[in-house]
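As stored in upload-v1.cif (mmCIF, C-alpha atoms):
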data_my_file
loop_
_atom_site.group_PDB
_atom_site.id
_atom_site.type_symbol
_atom_site.label_atom_id
_atom_site.label_comp_id
_atom_site.auth_asym_id
_atom_site.auth_seq_id
_atom_site.Cartn_x
_atom_site.Cartn_y
_atom_site.Cartn_z
ATOM 1 C CA MET M 978 21.532 -6.917 -3.083
ATOM 2 C CA SER M 979 23.064 -6.038 0.265
ATOM 3 C CA VAL M 980 20.946 -6.103 3.398
ATOM 4 C CA ASP M 981 22.066 -2.464 3.907
ATOM 5 C CA THR M 982 20.347 -1.460 0.663
ATOM 6 C CA PRO M 983 17.881 1.415 1.016
ATOM 7 C CA ARG M 984 14.368 -0.009 0.715
ATOM 8 C CA ARG M 985 10.846 1.350 0.537
ATOM 9 C CA ILE M 986 7.499 0.010 1.689
ATOM 10 C CA VAL M 987 4.469 1.474 -0.070
ATOM 11 C CA LEU M 988 1.214 1.047 1.842
ATOM 12 C CA LEU M 989 -1.778 1.599 -0.450
ATOM 13 C CA ARG M 990 -5.316 1.519 0.839
ATOM 14 C CA HIS M 991 -7.863 0.224 -1.661
ATOM 15 C CA ALA M 992 -9.927 2.804 -3.535
ATOM 16 C CA LYS M 993 -13.520 3.676 -2.558
ATOM 17 C CA ALA M 994 -15.785 0.607 -2.589
ATOM 18 C CA GLU M 995 -19.529 0.142 -2.958
ATOM 19 C CA TRP M 996 -21.484 -0.688 0.185
ATOM 20 C CA SER M 997 -23.157 -4.056 -0.052
ATOM 21 C CA GLN M 998 -25.340 -6.386 1.996
ATOM 22 C CA ASP M 999 -23.364 -9.267 0.518
ATOM 23 C CA SER M 1000 -19.939 -10.478 1.523
ATOM 24 C CA ASP M 1001 -17.551 -7.689 2.574
ATOM 25 C CA HIS M 1002 -14.759 -9.577 0.823
ATOM 26 C CA GLU M 1003 -16.533 -9.301 -2.555
ATOM 27 C CA ARG M 1004 -17.411 -5.577 -2.486
ATOM 28 C CA PRO M 1005 -16.460 -3.931 -5.826
ATOM 29 C CA LEU M 1006 -15.136 -0.427 -6.329
ATOM 30 C CA ALA M 1007 -17.536 2.481 -6.517
ATOM 31 C CA GLU M 1008 -17.355 4.920 -9.434
ATOM 32 C CA ARG M 1009 -15.134 7.233 -7.362
ATOM 33 C CA GLY M 1010 -12.823 4.306 -6.642
ATOM 34 C CA ARG M 1011 -12.546 3.498 -10.348
ATOM 35 C CA ARG M 1012 -11.480 7.131 -10.913
ATOM 36 C CA ASP M 1013 -9.048 7.341 -7.962
ATOM 37 C CA ALA M 1014 -7.156 4.039 -8.431
ATOM 38 C CA PRO M 1015 -5.457 4.994 -11.738
ATOM 39 C CA VAL M 1016 -4.581 8.404 -10.280
ATOM 40 C CA ALA M 1017 -2.809 6.648 -7.382
ATOM 41 C CA GLY M 1018 -0.942 4.470 -9.902
ATOM 42 C CA ARG M 1019 0.221 7.546 -11.852
ATOM 43 C CA LYS M 1020 1.290 9.281 -8.633
ATOM 44 C CA LEU M 1021 3.387 6.245 -7.654
ATOM 45 C CA VAL M 1022 5.098 6.406 -11.064
ATOM 46 C CA ASP M 1023 5.645 10.182 -10.701
ATOM 47 C CA SER M 1024 7.240 9.524 -7.303
ATOM 48 C CA GLY M 1025 9.976 7.455 -8.924
ATOM 49 C CA ILE M 1026 8.991 4.277 -7.145
ATOM 50 C CA ASN M 1027 10.049 1.200 -9.115
ATOM 51 C CA LEU M 1028 8.143 -1.645 -7.481
ATOM 52 C CA ASP M 1029 9.735 -5.092 -7.355
ATOM 53 C CA LEU M 1030 6.898 -6.894 -5.583
ATOM 54 C CA ALA M 1031 3.223 -6.157 -4.925
ATOM 55 C CA LEU M 1032 1.304 -8.022 -2.240
ATOM 56 C CA CYS M 1033 -2.419 -7.528 -2.734
ATOM 57 C CA SER M 1034 -5.294 -8.559 -0.490
ATOM 58 C CA THR M 1035 -7.629 -11.084 -2.087
ATOM 59 C CA ALA M 1036 -10.686 -8.840 -1.518
ATOM 60 C CA ALA M 1037 -12.420 -7.732 -4.732
ATOM 61 C CA ARG M 1038 -11.890 -4.005 -4.027
ATOM 62 C CA THR M 1039 -8.132 -4.403 -3.535
ATOM 63 C CA ARG M 1040 -7.731 -6.577 -6.641
ATOM 64 C CA GLU M 1041 -9.676 -4.033 -8.698
ATOM 65 C CA THR M 1042 -7.661 -1.133 -7.229
ATOM 66 C CA TRP M 1043 -4.428 -2.882 -8.181
ATOM 67 C CA LYS M 1044 -5.641 -3.735 -11.687
ATOM 68 C CA LEU M 1045 -6.438 -0.058 -12.359
ATOM 69 C CA ALA M 1046 -3.307 1.334 -10.659
ATOM 70 C CA VAL M 1047 -0.790 -1.057 -12.240
ATOM 71 C CA HIS M 1048 -2.148 -0.249 -15.701
ATOM 72 C CA GLU M 1049 -0.548 3.210 -15.267
ATOM 73 C CA MET M 1050 2.914 1.772 -14.574
ATOM 74 C CA PRO M 1051 5.605 1.235 -17.197
ATOM 75 C CA ARG M 1052 6.248 -2.294 -15.924
ATOM 76 C CA ARG M 1053 4.162 -4.666 -13.853
ATOM 77 C CA PRO M 1054 5.960 -5.888 -10.732
ATOM 78 C CA ARG M 1055 5.623 -9.462 -9.592
ATOM 79 C CA THR M 1056 2.218 -9.649 -7.897
ATOM 80 C CA VAL M 1057 1.096 -12.039 -5.175
ATOM 81 C CA TYR M 1058 -2.520 -12.122 -3.995
ATOM 82 C CA GLU M 1059 -2.219 -12.649 -0.270
ATOM 83 C CA GLU M 1060 -5.191 -13.723 1.875
ATOM 84 C CA ARG M 1061 -3.418 -12.636 5.066
ATOM 85 C CA LEU M 1062 -3.704 -8.954 4.030
ATOM 86 C CA TYR M 1063 -7.490 -9.033 4.430
ATOM 87 C CA GLU M 1064 -8.400 -7.621 7.881
ATOM 88 C CA ALA M 1065 -4.720 -7.819 8.960
ATOM 89 C CA SER M 1066 -3.573 -6.156 12.160
ATOM 90 C CA PRO M 1067 -0.391 -4.027 12.170
ATOM 91 C CA GLY M 1068 1.511 -6.934 13.745
ATOM 92 C CA GLU M 1069 0.302 -9.318 11.049
ATOM 93 C CA LEU M 1070 1.283 -6.806 8.355
ATOM 94 C CA ILE M 1071 4.775 -6.415 9.803
ATOM 95 C CA ALA M 1072 5.133 -10.218 9.980
ATOM 96 C CA LEU M 1073 4.177 -10.403 6.300
ATOM 97 C CA ILE M 1074 6.716 -7.678 5.433
ATOM 98 C CA ASN M 1075 9.360 -9.659 7.348
ATOM 99 C CA GLU M 1076 8.867 -12.552 4.892
ATOM 100 C CA THR M 1077 9.902 -10.419 1.884
ATOM 101 C CA PRO M 1078 12.993 -11.752 0.074
ATOM 102 C CA ASP M 1079 16.046 -9.484 0.346
ATOM 103 C CA ASP M 1080 16.334 -9.156 -3.455
ATOM 104 C CA VAL M 1081 13.244 -6.886 -3.264
ATOM 105 C CA ARG M 1082 14.024 -3.189 -2.946
ATOM 106 C CA ASP M 1083 10.553 -1.595 -3.256
ATOM 107 C CA LEU M 1084 7.535 -3.453 -1.838
ATOM 108 C CA LEU M 1085 3.867 -2.518 -2.236
ATOM 109 C CA LEU M 1086 1.098 -3.711 0.063
ATOM 110 C CA ILE M 1087 -2.465 -3.111 -1.136
ATOM 111 C CA GLY M 1088 -4.813 -3.551 1.771
ATOM 112 C CA HIS M 1089 -7.402 -2.170 4.132
ATOM 113 C CA ASN M 1090 -7.847 0.193 7.035
ATOM 114 C CA PRO M 1091 -7.291 0.381 9.909
ATOM 115 C CA GLY M 1092 -4.218 -1.787 9.180
ATOM 116 C CA MET M 1093 -2.626 0.356 6.447
ATOM 117 C CA HIS M 1094 -2.787 3.529 8.545
ATOM 118 C CA ALA M 1095 -1.670 1.814 11.736
ATOM 119 C CA VAL M 1096 1.351 0.111 10.177
ATOM 120 C CA ALA M 1097 2.421 3.315 8.356
ATOM 121 C CA ASP M 1098 2.297 5.099 11.694
ATOM 122 C CA ALA M 1099 4.020 2.271 13.574
ATOM 123 C CA LEU M 1100 6.938 1.997 11.136
ATOM 124 C CA SER M 1101 7.557 5.758 10.864
ATOM 125 C CA ALA M 1102 9.908 7.016 13.573
ATOM 126 C CA SER M 1103 10.320 10.257 11.614
ATOM 127 C CA ALA M 1104 9.035 11.953 8.486
ATOM 128 C CA GLU M 1105 10.014 14.319 5.716
ATOM 129 C CA GLY M 1106 8.298 17.683 5.924
ATOM 130 C CA ASP M 1107 4.765 17.562 7.233
ATOM 131 C CA ALA M 1108 3.943 14.052 5.926
ATOM 132 C CA LEU M 1109 3.367 12.514 9.357
ATOM 133 C CA ALA M 1110 1.269 15.449 10.580
ATOM 134 C CA ARG M 1111 -0.856 15.315 7.405
ATOM 135 C CA MET M 1112 -1.350 11.563 7.809
ATOM 136 C CA HIS M 1113 -2.413 11.986 11.442
ATOM 137 C CA ARG M 1114 -4.699 14.905 10.631
ATOM 138 C CA GLY M 1115 -6.344 13.417 7.541
ATOM 139 C CA GLY M 1116 -6.390 9.764 8.449
ATOM 140 C CA PHE M 1117 -5.821 7.300 5.652
ATOM 141 C CA PRO M 1118 -8.648 7.742 3.133
ATOM 142 C CA THR M 1119 -9.389 5.344 0.318
ATOM 143 C CA ALA M 1120 -6.739 5.255 -2.462
ATOM 144 C CA ALA M 1121 -4.211 6.987 -0.170
ATOM 145 C CA PHE M 1122 -0.673 5.694 0.124
ATOM 146 C CA ALA M 1123 2.300 6.121 2.420
ATOM 147 C CA VAL M 1124 5.923 5.435 1.524
ATOM 148 C CA VAL M 1125 8.216 4.373 4.353
ATOM 149 C CA ALA M 1126 11.976 4.191 3.675
ATOM 150 C CA PHE M 1127 14.482 2.189 5.716
ATOM 151 C CA SER M 1128 17.817 0.412 5.346
ATOM 152 C CA GLY M 1129 18.457 -3.166 6.290
ATOM 153 C CA SER M 1130 16.893 -6.543 5.852
ATOM 154 C CA TRP M 1131 13.159 -7.059 5.521
ATOM 155 C CA LYS M 1132 13.480 -9.416 8.494
ATOM 156 C CA GLY M 1133 14.490 -6.390 10.595
ATOM 157 C CA VAL M 1134 11.359 -4.328 9.884
ATOM 158 C CA GLU M 1135 9.727 -3.410 13.191
ATOM 159 C CA HIS M 1136 8.100 -0.451 14.929
ATOM 160 C CA GLY M 1137 10.025 2.777 14.394
ATOM 161 C CA VAL M 1138 12.466 1.411 11.809
ATOM 162 C CA GLY M 1139 11.598 3.810 9.000
ATOM 163 C CA ARG M 1140 11.076 7.332 7.810
ATOM 164 C CA LEU M 1141 7.793 8.417 6.216
ATOM 165 C CA VAL M 1142 9.065 9.955 2.973
ATOM 166 C CA GLU M 1143 5.724 10.463 1.251
ATOM 167 C CA TYR M 1144 2.051 10.520 2.098
ATOM 168 C CA TRP M 1145 -0.482 11.086 -0.674
ATOM 169 C CA THR M 1146 -4.268 11.140 -0.888
ATOM 170 C CA PRO M 1147 -6.530 11.636 -3.911
ATOM 171 C CA ASN M 1148 -7.478 15.024 -2.426
ATOM 172 C CA ASP M 1149 -3.878 16.316 -2.587
#
Could you spell out this file's structure in structure tokens?
Amino acid sequence: MSVDTPRRIVLLRHAKAEWSQDSDHERPLAERGRRDAPVAGRKLVDSGINLDLALCSTAARTRETWKLAVHEMPRRPRTVYEERLYEASPGELIALINETPDDVRDLLLIGHNPGMHAVADALSASAEGDALARMHRGGFPTAAFAVVAFSGSWKGVEHGVGRLVEYWTPND
């Protein structure tokens, strides 16, 4: 695959989680989250996104979100559970994206806010339709995802490199 190949980054925030006095890392999904995660998976399929690689935070709520979302997909992409996604800053997320092998065309990150929203905003120099305005207005609620398209090598992903081609929330 050429480094000039069109590529997409899908940034999926975990679905709604239960509040807990225990470890934040081990919080499970709430009932609403268990309903929204498969809907997000179906919407990704409907969008024509054919994921090659999924990087998922090791937190319980992200793992559960992915398990429910991927069940809706015709094929399971290679999945890596990545500790660095938990509480990652936008810079750390971009560094992780930069490590993606160039044989990957469509990459999914399943993580947490504020990182998912911030990196979607940072990567998007432009947008289709009102996607960027809707993302700014509505924030990045649980189970929402943004799709950022760009051309080039994963090593070249940096601020402003992409175009926000889709932004979806469970309320859409």
What's the 8 Å shell around M:Arg984, counting only C-alpha atoms, without same-chain residues fewer than 3 positions away, as a list of chain:residue names?
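The filter keeps M:Arg1082, M:Asp1083, M:Ala1126, M:Phe1127, M:Ser1128, M:Gly1129.
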Written as a VMD selection string, what is the full residue list that the PyMOL selection byres ((chain M and resi 1092-1108) around 8) yields on the file shown?
chain M and resid 988 to 990 1064 to 1068 1070 to 1071 1088 to 1091 1109 to 1112 1116 to 1117 1123 to 1125 1134 to 1144
From M:Ala1121, M:Ala994, M:Lys1132, M:Ile986, residue lying nearest M:Arg1038 [all atoms listed in the file]:
M:Ala994
Ranking M:Glu1060, M:Leu1006, M:Pro1078, M:Val987 by minimum distance to M:Asn1027 and counting all atoms listed in the file, which one comes first?
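Going through M:Glu1060, M:Leu1006, M:Pro1078, M:Val987 one by one, the smallest distance to M:Asn1027 is for M:Val987.
Compared by their closest atoms to M:Arg1019, and using all atoms listed in the file, the residues M:Asp981, M:Asp1149, M:Glu1069, M:Glu1049 rank with M:Glu1049 nearest.
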Would you kindly return, as a PyMOL selection string, each protein, DNA or RNA residue with an atom no farther than 8 Å from any atom of M:Ala1017, considering only C-alpha atoms and excluding same-chain residues fewer than 3 positions away?
chain M and resi 1013-1014+1020-1021+1046+1120-1122+1147
One number please: atom CA of M:His1002 to atom CA of M:Thr1077, in Å, one decimal.
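Atom CA of M:His1002 sits 24.7 Å away from atom CA of M:Thr1077.
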Name the residues that the PyMOL selection byres ((chain M and resi 1007) around 6) pulls out of this structure, and write them as a PyMOL selection string.
chain M and resi 993-995+1006+1008-1010
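Distances here use all atoms listed in the file; by that measure, the residue among M:Asp1029, M:Glu1059, M:Glu1003, M:Glu1041 closest to M:Leu1085 is M:Asp1029.
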Between M:Pro1051, M:Gly1133, M:Pro1015, M:Pro1005, which residue has the minimum interatomic distance to M:Ala1036, considering all atoms listed in the file?
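Going through M:Pro1051, M:Gly1133, M:Pro1015, M:Pro1005 one by one, the smallest distance to M:Ala1036 is for M:Pro1005.
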Who sits within 6 Å of M:Leu1086, only C-alpha atoms, same chain under 3 positions skipped, as a VMD selection string
chain M and resid 988 1031 to 1033
For each of M:Thr1039, M:Ser1024, M:Gln998, M:Thr1146, take the minimum atom-to-atom distance to M:Arg985, counting only C-alpha atoms, then give the residue where this is smallest.
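For M:Arg985, the nearest of the candidates is M:Ser1024.
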Need a file for stretch 1089-1103 of chain M from that block: all heavy atoms, written as an mmCIF file, in the first residue's frame.
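For reference, decode.cif as written:
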data_model
loop_
_atom_site.group_PDB
_atom_site.id
_atom_site.type_symbol
_atom_site.label_atom_id
_atom_site.label_comp_id
_atom_site.auth_asym_id
_atom_site.auth_seq_id
_atom_site.Cartn_x
_atom_site.Cartn_y
_atom_site.Cartn_z
ATOM 1 N N HIS M 1089 -11.107 7.545 25.500
ATOM 2 C CA HIS M 1089 -11.769 8.346 26.526
ATOM 3 C C HIS M 1089 -11.716 9.830 26.174
ATOM 4 O O HIS M 1089 -10.849 10.273 25.437
ATOM 5 C CB HIS M 1089 -11.060 8.140 27.870
ATOM 6 C CG HIS M 1089 -10.836 6.694 28.199
ATOM 7 N ND1 HIS M 1089 -11.728 5.964 28.945
ATOM 8 C CD2 HIS M 1089 -9.831 5.841 27.859
ATOM 9 C CE1 HIS M 1089 -11.275 4.720 29.069
ATOM 10 N NE2 HIS M 1089 -10.133 4.625 28.419
ATOM 11 N N ASN M 1090 -12.613 10.578 26.796
ATOM 12 C CA ASN M 1090 -12.535 12.031 26.724
ATOM 13 C C ASN M 1090 -11.716 12.528 27.908
ATOM 14 O O ASN M 1090 -11.661 11.827 28.916
ATOM 15 C CB ASN M 1090 -13.933 12.636 26.743
ATOM 16 C CG ASN M 1090 -14.278 13.214 25.387
ATOM 17 O OD1 ASN M 1090 -13.551 13.035 24.420
ATOM 18 N ND2 ASN M 1090 -15.394 13.896 25.323
ATOM 19 N N PRO M 1091 -11.079 13.642 27.786
ATOM 20 C CA PRO M 1091 -11.176 14.631 26.718
ATOM 21 C C PRO M 1091 -10.305 14.329 25.495
ATOM 22 O O PRO M 1091 -10.368 15.030 24.497
ATOM 23 C CB PRO M 1091 -10.724 15.920 27.390
ATOM 24 C CG PRO M 1091 -9.742 15.475 28.428
ATOM 25 C CD PRO M 1091 -10.258 14.135 28.915
ATOM 26 N N GLY M 1092 -9.511 13.258 25.542
ATOM 27 C CA GLY M 1092 -8.570 12.959 24.461
ATOM 28 C C GLY M 1092 -9.203 12.733 23.100
ATOM 29 O O GLY M 1092 -8.727 13.255 22.093
ATOM 30 N N MET M 1093 -10.285 11.947 23.038
ATOM 31 C CA MET M 1093 -10.910 11.648 21.740
ATOM 32 C C MET M 1093 -11.390 12.924 21.055
ATOM 33 O O MET M 1093 -11.137 13.132 19.878
ATOM 34 C CB MET M 1093 -12.089 10.681 21.912
ATOM 35 C CG MET M 1093 -11.709 9.270 22.322
ATOM 36 S SD MET M 1093 -10.831 8.333 21.047
ATOM 37 C CE MET M 1093 -9.182 8.406 21.671
ATOM 38 N N HIS M 1094 -12.085 13.779 21.814
ATOM 39 C CA HIS M 1094 -12.580 15.034 21.247
ATOM 40 C C HIS M 1094 -11.421 15.934 20.829
ATOM 41 O O HIS M 1094 -11.412 16.485 19.724
ATOM 42 C CB HIS M 1094 -13.474 15.735 22.266
ATOM 43 C CG HIS M 1094 -14.178 16.935 21.718
ATOM 44 N ND1 HIS M 1094 -14.969 17.725 22.491
ATOM 45 C CD2 HIS M 1094 -14.207 17.494 20.489
ATOM 46 C CE1 HIS M 1094 -15.467 18.724 21.763
ATOM 47 N NE2 HIS M 1094 -15.010 18.597 20.542
ATOM 48 N N ALA M 1095 -10.448 16.065 21.689
ATOM 49 C CA ALA M 1095 -9.331 16.979 21.419
ATOM 50 C C ALA M 1095 -8.529 16.542 20.196
ATOM 51 O O ALA M 1095 -8.134 17.379 19.375
ATOM 52 C CB ALA M 1095 -8.421 17.072 22.646
ATOM 53 N N VAL M 1096 -8.290 15.249 20.042
ATOM 54 C CA VAL M 1096 -7.493 14.812 18.892
ATOM 55 C C VAL M 1096 -8.320 14.893 17.604
ATOM 56 O O VAL M 1096 -7.779 15.237 16.547
ATOM 57 C CB VAL M 1096 -6.864 13.413 19.110
ATOM 58 C CG1 VAL M 1096 -7.824 12.282 18.857
ATOM 59 C CG2 VAL M 1096 -5.621 13.251 18.259
ATOM 60 N N ALA M 1097 -9.631 14.635 17.668
ATOM 61 C CA ALA M 1097 -10.477 14.813 16.480
ATOM 62 C C ALA M 1097 -10.429 16.262 16.024
ATOM 63 O O ALA M 1097 -10.286 16.552 14.832
ATOM 64 C CB ALA M 1097 -11.915 14.381 16.781
ATOM 65 N N ASP M 1098 -10.514 17.175 16.969
ATOM 66 C CA ASP M 1098 -10.457 18.596 16.661
ATOM 67 C C ASP M 1098 -9.081 18.997 16.133
ATOM 68 O O ASP M 1098 -8.964 19.711 15.139
ATOM 69 C CB ASP M 1098 -10.817 19.393 17.917
ATOM 70 C CG ASP M 1098 -11.057 20.852 17.623
ATOM 71 O OD1 ASP M 1098 -11.754 21.162 16.643
ATOM 72 O OD2 ASP M 1098 -10.535 21.689 18.381
ATOM 73 N N ALA M 1099 -8.034 18.492 16.773
ATOM 74 C CA ALA M 1099 -6.668 18.857 16.385
ATOM 75 C C ALA M 1099 -6.318 18.375 14.976
ATOM 76 O O ALA M 1099 -5.647 19.077 14.222
ATOM 77 C CB ALA M 1099 -5.665 18.284 17.388
ATOM 78 N N LEU M 1100 -6.772 17.191 14.608
ATOM 79 C CA LEU M 1100 -6.416 16.628 13.304
ATOM 80 C C LEU M 1100 -7.217 17.241 12.162
ATOM 81 O O LEU M 1100 -6.792 17.195 11.016
ATOM 82 C CB LEU M 1100 -6.621 15.113 13.304
ATOM 83 C CG LEU M 1100 -5.731 14.307 14.238
ATOM 84 C CD1 LEU M 1100 -6.101 12.834 14.169
ATOM 85 C CD2 LEU M 1100 -4.263 14.520 13.921
ATOM 86 N N SER M 1101 -8.380 17.810 12.456
ATOM 87 C CA SER M 1101 -9.325 18.246 11.427
ATOM 88 C C SER M 1101 -9.103 19.703 11.026
ATOM 89 O O SER M 1101 -9.599 20.615 11.678
ATOM 90 C CB SER M 1101 -10.760 18.057 11.932
ATOM 91 O OG SER M 1101 -10.985 16.711 12.250
ATOM 92 N N ALA M 1102 -8.407 19.893 9.906
ATOM 93 C CA ALA M 1102 -8.208 21.245 9.377
ATOM 94 C C ALA M 1102 -9.468 21.743 8.682
ATOM 95 O O ALA M 1102 -9.689 22.939 8.563
ATOM 96 C CB ALA M 1102 -7.043 21.259 8.395
ATOM 97 N N SER M 1103 -10.299 20.792 8.211
ATOM 98 C CA SER M 1103 -11.538 21.138 7.531
ATOM 99 C C SER M 1103 -12.554 20.038 7.815
ATOM 100 O O SER M 1103 -12.229 19.050 8.477
ATOM 101 C CB SER M 1103 -11.304 21.276 6.020
ATOM 102 O OG SER M 1103 -10.877 20.032 5.481
#
